[in-house]
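> Got a structure for you, written out below as structure tokens; questions coming shortly.
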Amino acid sequence: MTTRTIPLPDALPLVGDVARAAGLPPGKVRGAVELLAGGATVPFIARYRKERTGGLDETALRAVEDLLKRFRELAERREAILRSIGEQGKLDEDLRRRILAAKERQELEDLYIPFRPKRRTRASAARERGLEPLADYLRAEADEGPRDELLRRFVDPARGVPDAAAALQGACDILAEEWAERPDLRRWLRERMREGVLVSRVRKEWKGKPGKFETYYDFREPLARMPSHRYLAVRRGEAEKVLSVRIELDEDRVLLHLASVLLRNPRFSFRPELLEAVKDCFSRLLSPSIETEAFAASKEDADREAIAVFASNLRALLLAPPAGRKVVMGIDPGFRTGCKVAVVDATGKVLETATIYPTPPEERTDEAAEVVLAHIRRHGVELIAIGNGTGSREADAFVTGLLREQGLSAAKVIVNESGASVYSASEAAVAELPGLDVTLRGAVSIARRLQDPLAELVKIDPRSIGVGQYQHDVDPAMLGAALDREVASCVNLVGVELNTASARLLSHVSGIGTRLAEAIVRHRDARGPFRSRAGLLDVPRFGSKAFELSAGFLRITGGDEPLDASAVHPESYGVVESMARRLGRPVRELVGSAELVRGLRPTEFADERFGLPTVEDILRELEKPGRDPRRELRLARLSDAMKEIADLRPGMLLEGTVTNVTRFGAFVDLGVHQDGLIHVSELSRRFVKDPAEVVSAGDIVRVKVLAVDAERKRIALSRKQVE
């Protein structure tokens, strides 16, 4: 995912603002902004343009990209506000200066509030009835005669002002609205609101009834210290009409401050009415508006934190260790409808499928064993991937017994199957596996997930993978953008085999996208495998810019050009050729020869175009071409005796796989159909603020069972007690 390209003339004036907000040197930011404005992607800049940015990594470049978008949107909003106020004839030089100086969206909106078109209000109605002069008099707070005589001048039944009380109320309404639109008061109250206490109460129709929001039936917590998962839970309870939620302030303190700022003359004869107007301003106008803003700001903060957790978990899952090019049998377990079986070869091609019934209610184990054994022997199955859904433990027990009884060397692995059913029914699955029953596609997906989690998981909407925290409560657009960006980052970090990658996988490669990915696959199907990266330029609509941004992330194993199997960019092939000439060896001998590469000095090959960072990257890549940054596959040793939650006992020491990491802890699959929770306080002997610092999704961990509640399906675990 990339931000909409901002033209360079519009982007460069924002460099200073972006650099200050990001805390980065302006020179580095300028290089990044120029590249982004030129259409370059973050993965490309981070990997192949280090000299231009002073070596900014992907995290820093993402921050620059986001800030560039934010400040451009701020500039557009500023222009729109100036235009709107100018058209009203109310834009003086002081207001223009304040609008141009505003650096935050909220500051801009506060300045615009008095000029924003609004529906008819009590204040506008009072102005229509001719009460603005009375409001001016009250604002001045200077007595100029008897109260009654003054108010009588504004009584006009024909204009809707039947008596003195109505006149005074209308004038106070004008003042209340005027005060509520003051930027300084809004800013002050906004700060107080963020210091307030969030209070939730159960609605009367739910009172006395148990439910998933029971914890929040009578709940209060300082808003500023409330963790994202609790805030999102409370807001969900409110959305489902179980809870009523508000922010509690010290109203006496607030009213005292407002009165001290707005009123100056304690002896003014209308002082009591003005104090009431201050209260009205706060309770009717300011408080609801600022409370809504505070809820929105807290929601945005909670969304951002929850999305960061989701993205971190997704990244760990996408970069999980691959089994690699092995023949794999995938088993999608089930009961009534049986277990679906699919065998795929080392490239993921489907070799054979079947449906077996080794689990209740049929338990045709002999027949199932015969089918599985035939598949294993016929295709040389090396690994068996079993989905972790319904029937998983029963299928696992069947396979374990069969392998032990037959003395077979194939290893079995429990695979997280979240999202497999979504993929099975998708258009992508239909196109990729035409003619295969939807139920069998799930078994194929499970097998391929073990071979290469990244290549298979990119086919599924990240939100369906099930590693998020309150993912259905966060902003969907923000979530989708963050997850798409994480997927693209992982794909480009690992690299893609051009001749075997699906269109979905190729679409995440820097500079390609969906249409070019489909064009590449069509070209490959029609003309056969690519022999070189340069062959991409023969693909319709694949231009030089797309080639520049994508080529370094694409691999061709066994092609005409040995460097095409590495992460060395084609633009740098000349540098490698210079290295080969220096050694008096052909390029092919240099690729993968650590001994030859270590004899080269990077400073001797750096120049104005290819600086030292690029040359050092080239040498590292030549030493281990096409190296996979992912860890080697390691399998959790699940206890065969632990099949259900009822089999667990406090004090047991077990091994499991981390499935999800949240701000309050990590969930672990122990193979009993219910994940256990390691609370953040039990993750390590040292203090842990963020669980992601200690564990990631996919990690194999050894844990101690602290408590088991089979009825509520809760398992409490400790990692620190086995460290």
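The chains in the structure tokens are called A, B, ... from first to last as shown; in each chain the residues are counted from 1, and the ligands are counted from 1 in the order shown.
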Find the residues near stretch 24-28 of chain A: any atom within 7 Å, counting only C-alpha atoms, skip ones fewer than 4 places away on the same chain, and give them as number ranges by chain.
A: 15-16, 19-20, 32, 53-54
> Could you give me, as a ChimeraX atom specification, the residues within 6 Å of A:Ala342, counting only C-alpha atoms and dropping anything in the same chain fewer than 5 positions from it?
/A:329-330,352-353,443-444
> Atoms to include: N, CA and C atoms. Write the selected residues as a PDB file, in the first residue's frame.

ATOM      1  N   MET A 329       1.012 -33.282   2.944  1.00  0.00           N
ATOM      2  CA  MET A 329      -0.388 -33.687   2.981  1.00  0.00           C
ATOM      3  C   MET A 329      -1.117 -32.738   3.926  1.00  0.00           C
ATOM      4  N   GLY A 330      -2.160 -32.110   3.416  1.00  0.00           N
ATOM      5  CA  GLY A 330      -2.975 -31.238   4.256  1.00  0.00           C
ATOM      6  C   GLY A 330      -4.250 -31.945   4.661  1.00  0.00           C
ATOM      7  N   GLU A 352      -3.294 -35.063  -5.310  1.00  0.00           N
ATOM      8  CA  GLU A 352      -4.403 -35.983  -5.065  1.00  0.00           C
ATOM      9  C   GLU A 352      -5.229 -35.470  -3.894  1.00  0.00           C
ATOM     10  N   THR A 353      -6.526 -35.777  -3.910  1.00  0.00           N
ATOM     11  CA  THR A 353      -7.410 -35.384  -2.813  1.00  0.00           C
ATOM     12  C   THR A 353      -8.299 -36.560  -2.425  1.00  0.00           C
ATOM     13  N   ALA A 443      -8.176 -27.961   2.531  1.00  0.00           N
ATOM     14  CA  ALA A 443      -7.069 -28.879   2.818  1.00  0.00           C
ATOM     15  C   ALA A 443      -5.830 -28.488   2.019  1.00  0.00           C
ATOM     16  N   VAL A 444      -6.039 -28.030   0.781  1.00  0.00           N
ATOM     17  CA  VAL A 444      -4.917 -27.563  -0.042  1.00  0.00           C
ATOM     18  C   VAL A 444      -4.271 -26.346   0.606  1.00  0.00           C
TER      19      VAL A 444
END
> Mind the document's chain letters and residue numbers, and return as JSON, numbers by chain the residues of stretch 327-520 of chain A that DSSP labels helix (DSSP H, G or I).
{"A": [365, 366, 367, 368, 369, 370, 371, 372, 373, 374, 375, 376, 377, 378, 379, 392, 393, 394, 395, 396, 397, 398, 399, 400, 401, 402, 403, 404, 405, 406, 420, 421, 422, 423, 424, 427, 428, 429, 430, 431, 432, 438, 439, 440, 441, 442, 443, 444, 445, 446, 447, 448, 449, 450, 451, 453, 454, 455, 456, 457, 462, 463, 464, 476, 477, 478, 479, 480, 481, 482, 483, 484, 485, 486, 487, 488, 489, 490, 491, 492, 493, 494, 503, 504, 505, 506, 513, 514, 515, 516, 517, 518, 519, 520]}
> Please, could you write that set of residues out with C-alpha atoms as a short mmCIF file (atom, residue, chain, number, x, y, z; two decimals), in the first residue's frame?

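New file out36.cif:
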data_model
loop_
_atom_site.label_atom_id
_atom_site.label_comp_id
_atom_site.auth_asym_id
_atom_site.auth_seq_id
_atom_site.Cartn_x
_atom_site.Cartn_y
_atom_site.Cartn_z
CA THR A 365 -10.36 -45.74 10.91
CA ASP A 366 -9.18 -48.78 8.94
CA GLU A 367 -10.49 -47.37 5.68
CA ALA A 368 -9.03 -43.94 6.49
CA ALA A 369 -5.65 -45.46 7.35
CA GLU A 370 -5.56 -47.29 4.05
CA VAL A 371 -6.22 -44.07 2.08
CA VAL A 372 -3.66 -42.00 4.01
CA LEU A 373 -0.97 -44.68 3.76
CA ALA A 374 -1.52 -45.02 0.02
CA HIS A 375 -1.14 -41.25 -0.42
CA ILE A 376 2.01 -41.12 1.70
CA ARG A 377 3.70 -43.95 -0.18
CA ARG A 378 2.52 -42.94 -3.64
CA HIS A 379 3.74 -39.33 -3.38
CA SER A 392 -8.26 -31.37 15.11
CA ARG A 393 -7.28 -33.37 18.18
CA GLU A 394 -9.13 -36.46 16.97
CA ALA A 395 -7.51 -36.21 13.52
CA ASP A 396 -4.14 -35.64 15.16
CA ALA A 397 -4.55 -38.72 17.38
CA PHE A 398 -5.46 -40.80 14.32
CA VAL A 399 -2.42 -39.64 12.33
CA THR A 400 -0.09 -40.02 15.32
CA GLY A 401 -1.20 -43.60 15.89
CA LEU A 402 -0.90 -44.42 12.19
CA LEU A 403 2.62 -43.02 11.87
CA ARG A 404 3.75 -44.82 15.02
CA GLU A 405 2.16 -48.12 14.01
CA GLN A 406 3.65 -48.04 10.50
CA ALA A 420 -8.86 -21.03 5.24
CA SER A 421 -12.62 -21.31 4.79
CA VAL A 422 -12.73 -17.68 3.59
CA TYR A 423 -10.09 -18.44 0.99
CA SER A 424 -11.80 -21.69 -0.05
CA GLU A 427 -12.93 -16.02 -6.38
CA ALA A 428 -9.14 -16.38 -6.10
CA ALA A 429 -9.51 -20.01 -4.94
CA VAL A 430 -11.98 -20.80 -7.72
CA ALA A 431 -9.57 -19.38 -10.32
CA GLU A 432 -6.56 -21.09 -8.79
CA VAL A 438 -14.78 -25.94 -1.95
CA THR A 439 -14.28 -28.25 1.04
CA LEU A 440 -11.10 -29.73 -0.47
CA ARG A 441 -9.63 -26.31 -1.22
CA GLY A 442 -9.30 -25.80 2.54
CA ALA A 443 -7.07 -28.88 2.82
CA VAL A 444 -4.92 -27.56 -0.04
CA SER A 445 -4.59 -24.20 1.69
CA ILE A 446 -3.57 -25.87 4.98
CA ALA A 447 -0.85 -27.87 3.20
CA ARG A 448 0.47 -24.82 1.38
CA ARG A 449 0.45 -22.77 4.59
CA LEU A 450 2.99 -25.13 6.02
CA GLN A 451 5.17 -24.93 2.91
CA PRO A 453 2.88 -19.21 5.17
CA LEU A 454 3.51 -15.89 3.46
CA ALA A 455 2.67 -17.04 -0.07
CA GLU A 456 -0.59 -18.63 1.12
CA LEU A 457 -1.77 -16.06 3.65
CA PRO A 462 -5.79 -10.04 6.62
CA ARG A 463 -8.86 -9.27 8.77
CA SER A 464 -9.97 -12.90 8.33
CA PRO A 476 -12.04 -0.36 8.95
CA ALA A 477 -10.26 1.96 6.51
CA MET A 478 -7.38 2.58 8.92
CA LEU A 479 -7.15 -1.14 9.68
CA GLY A 480 -7.21 -2.16 6.02
CA ALA A 481 -4.52 0.35 5.06
CA ALA A 482 -2.23 -0.69 7.93
CA LEU A 483 -2.59 -4.39 7.24
CA ASP A 484 -2.12 -4.01 3.48
CA ARG A 485 1.07 -2.09 4.17
CA GLU A 486 2.29 -4.81 6.54
CA VAL A 487 1.62 -7.49 3.95
CA ALA A 488 3.54 -5.53 1.30
CA SER A 489 6.44 -5.02 3.72
CA CYS A 490 6.70 -8.75 4.44
CA VAL A 491 6.40 -9.77 0.78
CA ASN A 492 9.17 -7.39 -0.28
CA LEU A 493 11.38 -8.34 2.67
CA VAL A 494 11.28 -12.02 1.71
CA ALA A 503 -1.06 -13.03 -8.99
CA ARG A 504 -2.16 -12.16 -5.45
CA LEU A 505 1.39 -12.51 -4.14
CA LEU A 506 2.87 -10.56 -7.05
CA GLY A 513 -0.27 -3.89 -8.10
CA THR A 514 -3.22 -6.05 -9.12
CA ARG A 515 -3.45 -5.31 -12.86
CA LEU A 516 0.25 -5.74 -13.61
CA ALA A 517 0.35 -8.90 -11.46
CA GLU A 518 -2.45 -10.43 -13.53
CA ALA A 519 -0.69 -9.36 -16.73
CA ILE A 520 2.54 -11.05 -15.56
#
> How would you write, as a ChimeraX atom specification, the set of residues in stretch 559-678 of chain A that DSSP gives as strand (DSSP E or B)?
/A:653-662,665-669,676-678
> Dump N, CA and C atoms for the selected residues as a compact mmCIF listing (two decimals), in the first residue's frame?

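Dumped everything to part.txt:
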# COMPACT_ATOMS: atom_id res chain seq x y z
N LEU A 653 3.75 -28.59 33.12
CA LEU A 653 4.67 -27.88 32.24
C LEU A 653 4.44 -28.38 30.82
N LEU A 654 4.10 -27.47 29.91
CA LEU A 654 3.73 -27.85 28.55
C LEU A 654 4.41 -26.93 27.53
N GLU A 655 4.37 -27.35 26.28
CA GLU A 655 4.89 -26.54 25.19
C GLU A 655 3.74 -26.21 24.26
N GLY A 656 3.75 -24.99 23.74
CA GLY A 656 2.69 -24.58 22.84
C GLY A 656 3.16 -23.51 21.88
N THR A 657 2.24 -23.08 21.04
CA THR A 657 2.54 -22.07 20.02
C THR A 657 1.75 -20.80 20.29
N VAL A 658 2.43 -19.66 20.30
CA VAL A 658 1.75 -18.38 20.50
C VAL A 658 0.89 -18.09 19.27
N THR A 659 -0.40 -17.86 19.50
CA THR A 659 -1.32 -17.61 18.39
C THR A 659 -1.68 -16.14 18.25
N ASN A 660 -1.59 -15.39 19.35
CA ASN A 660 -2.04 -14.00 19.32
C ASN A 660 -1.36 -13.25 20.45
N VAL A 661 -0.96 -12.02 20.18
CA VAL A 661 -0.35 -11.17 21.20
C VAL A 661 -1.20 -9.91 21.33
N THR A 662 -1.58 -9.57 22.57
CA THR A 662 -2.37 -8.37 22.82
C THR A 662 -1.60 -7.50 23.80
N GLY A 665 -1.38 -9.46 27.20
CA GLY A 665 -0.75 -10.77 27.31
C GLY A 665 -0.68 -11.50 25.98
N ALA A 666 -0.43 -12.80 26.04
CA ALA A 666 -0.29 -13.61 24.83
C ALA A 666 -1.12 -14.88 24.97
N PHE A 667 -1.76 -15.28 23.88
CA PHE A 667 -2.54 -16.52 23.86
C PHE A 667 -1.70 -17.64 23.25
N VAL A 668 -1.85 -18.83 23.83
CA VAL A 668 -1.02 -19.96 23.44
C VAL A 668 -1.89 -21.18 23.14
N ASP A 669 -1.62 -21.82 22.00
CA ASP A 669 -2.31 -23.05 21.60
C ASP A 669 -1.58 -24.24 22.22
N GLY A 676 -4.74 -20.85 25.87
CA GLY A 676 -4.51 -20.34 27.22
C GLY A 676 -3.93 -18.94 27.15
N LEU A 677 -4.04 -18.20 28.24
CA LEU A 677 -3.54 -16.82 28.28
C LEU A 677 -2.37 -16.70 29.25
N ILE A 678 -1.26 -16.16 28.72
CA ILE A 678 -0.16 -15.73 29.59
C ILE A 678 -0.38 -14.25 29.82
> Excluding A:Leu198 and its own-chain neighbours fewer than 6 positions away, which residues fall within 9 Å of it when counting only C-alpha atoms? Please give them as a list in words.
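The residues that qualify are Phe219, Arg220, Glu221, Pro222, Leu223, Met226, Val245, Arg246, Ile247 and Glu248 of chain A.
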> Write out as an NGL selection string which residues come within 10 Å of A:Asp452 when counting only C-alpha atoms, dropping same-chain ones fewer than 4 positions away.
:A and (318-325 or 347-348 or 447-448 or 456-457)
> With a distance cut-off of 12 Å and only C-alpha atoms, select the neighbouring residues of A:Leu138, excluding the residue or stretch itself and same-chain residues fewer than 5 positions from it, and output the selection as a VMD selection string.
chain A and resid 131 to 133 143 to 144 147 150 to 151 167 to 176 262 to 265 268 to 275 277
> Please indicate the distance in Å from atom CA of A:Glu293 to atom CA of A:Arg190, rounded to one decimal place.
8.0 Å
> With only C-alpha atoms as the basis for distance, which of A:Val202, A:Ile618, A:Val705, A:Ala296 is at the shortest distance from A:Pro650?
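Result for the nearest residue to A:Pro650: A:Val705.
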> Please, what distance in Å, to one decimal, runs between atom CA of A:Glu34 and atom CA of A:Ala11?
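Atom-to-atom, atom CA of A:Glu34 to atom CA of A:Ala11, that is 7.8 Å.
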> Find the residues around stretch 582-586 of chain A up to 12 Å (only C-alpha atoms counted), leave out those fewer than 4 positions away in its own chain, and share them as a list in words.
Glu561, Pro562, Leu563, Val575, Val576, Glu577, Ser578, Leu590, Val591, Ser593, Glu595, Leu596, Val597, Arg598, Gly599, Leu600, Arg601, Glu604 and Phe605 of chain A
> Export, as an mmCIF file, in the first residue's frame, the selected residues with C-alpha atoms.

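New file again09.cif:
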data_model
loop_
_atom_site.group_PDB
_atom_site.id
_atom_site.type_symbol
_atom_site.label_atom_id
_atom_site.label_comp_id
_atom_site.auth_asym_id
_atom_site.auth_seq_id
_atom_site.Cartn_x
_atom_site.Cartn_y
_atom_site.Cartn_z
ATOM 1 C CA GLU A 561 21.342 -14.370 -15.372
ATOM 2 C CA PRO A 562 22.733 -15.712 -12.051
ATOM 3 C CA LEU A 563 22.176 -12.378 -10.298
ATOM 4 C CA VAL A 575 29.039 -3.068 -9.943
ATOM 5 C CA VAL A 576 29.104 -6.864 -9.607
ATOM 6 C CA GLU A 577 30.704 -7.188 -13.019
ATOM 7 C CA SER A 578 33.441 -4.785 -11.862
ATOM 8 C CA LEU A 590 31.141 -14.861 -7.451
ATOM 9 C CA VAL A 591 27.468 -15.477 -6.593
ATOM 10 C CA SER A 593 31.062 -17.676 -2.792
ATOM 11 C CA GLU A 595 35.443 -16.803 0.238
ATOM 12 C CA LEU A 596 35.662 -14.683 -2.925
ATOM 13 C CA VAL A 597 33.309 -11.976 -1.648
ATOM 14 C CA ARG A 598 35.217 -11.468 1.604
ATOM 15 C CA GLY A 599 38.318 -10.663 -0.411
ATOM 16 C CA LEU A 600 36.654 -7.510 -1.811
ATOM 17 C CA ARG A 601 36.821 -4.062 -0.204
ATOM 18 C CA GLU A 604 36.932 0.343 -3.936
ATOM 19 C CA PHE A 605 33.578 0.019 -5.745
#
> As a PyMOL selection string, please: the residues near A:Leu612 (cut-off 9 Å, only C-alpha atoms, same-chain neighbours under 4 positions excluded).
chain A and resi 51+602-603+605-607+616-617
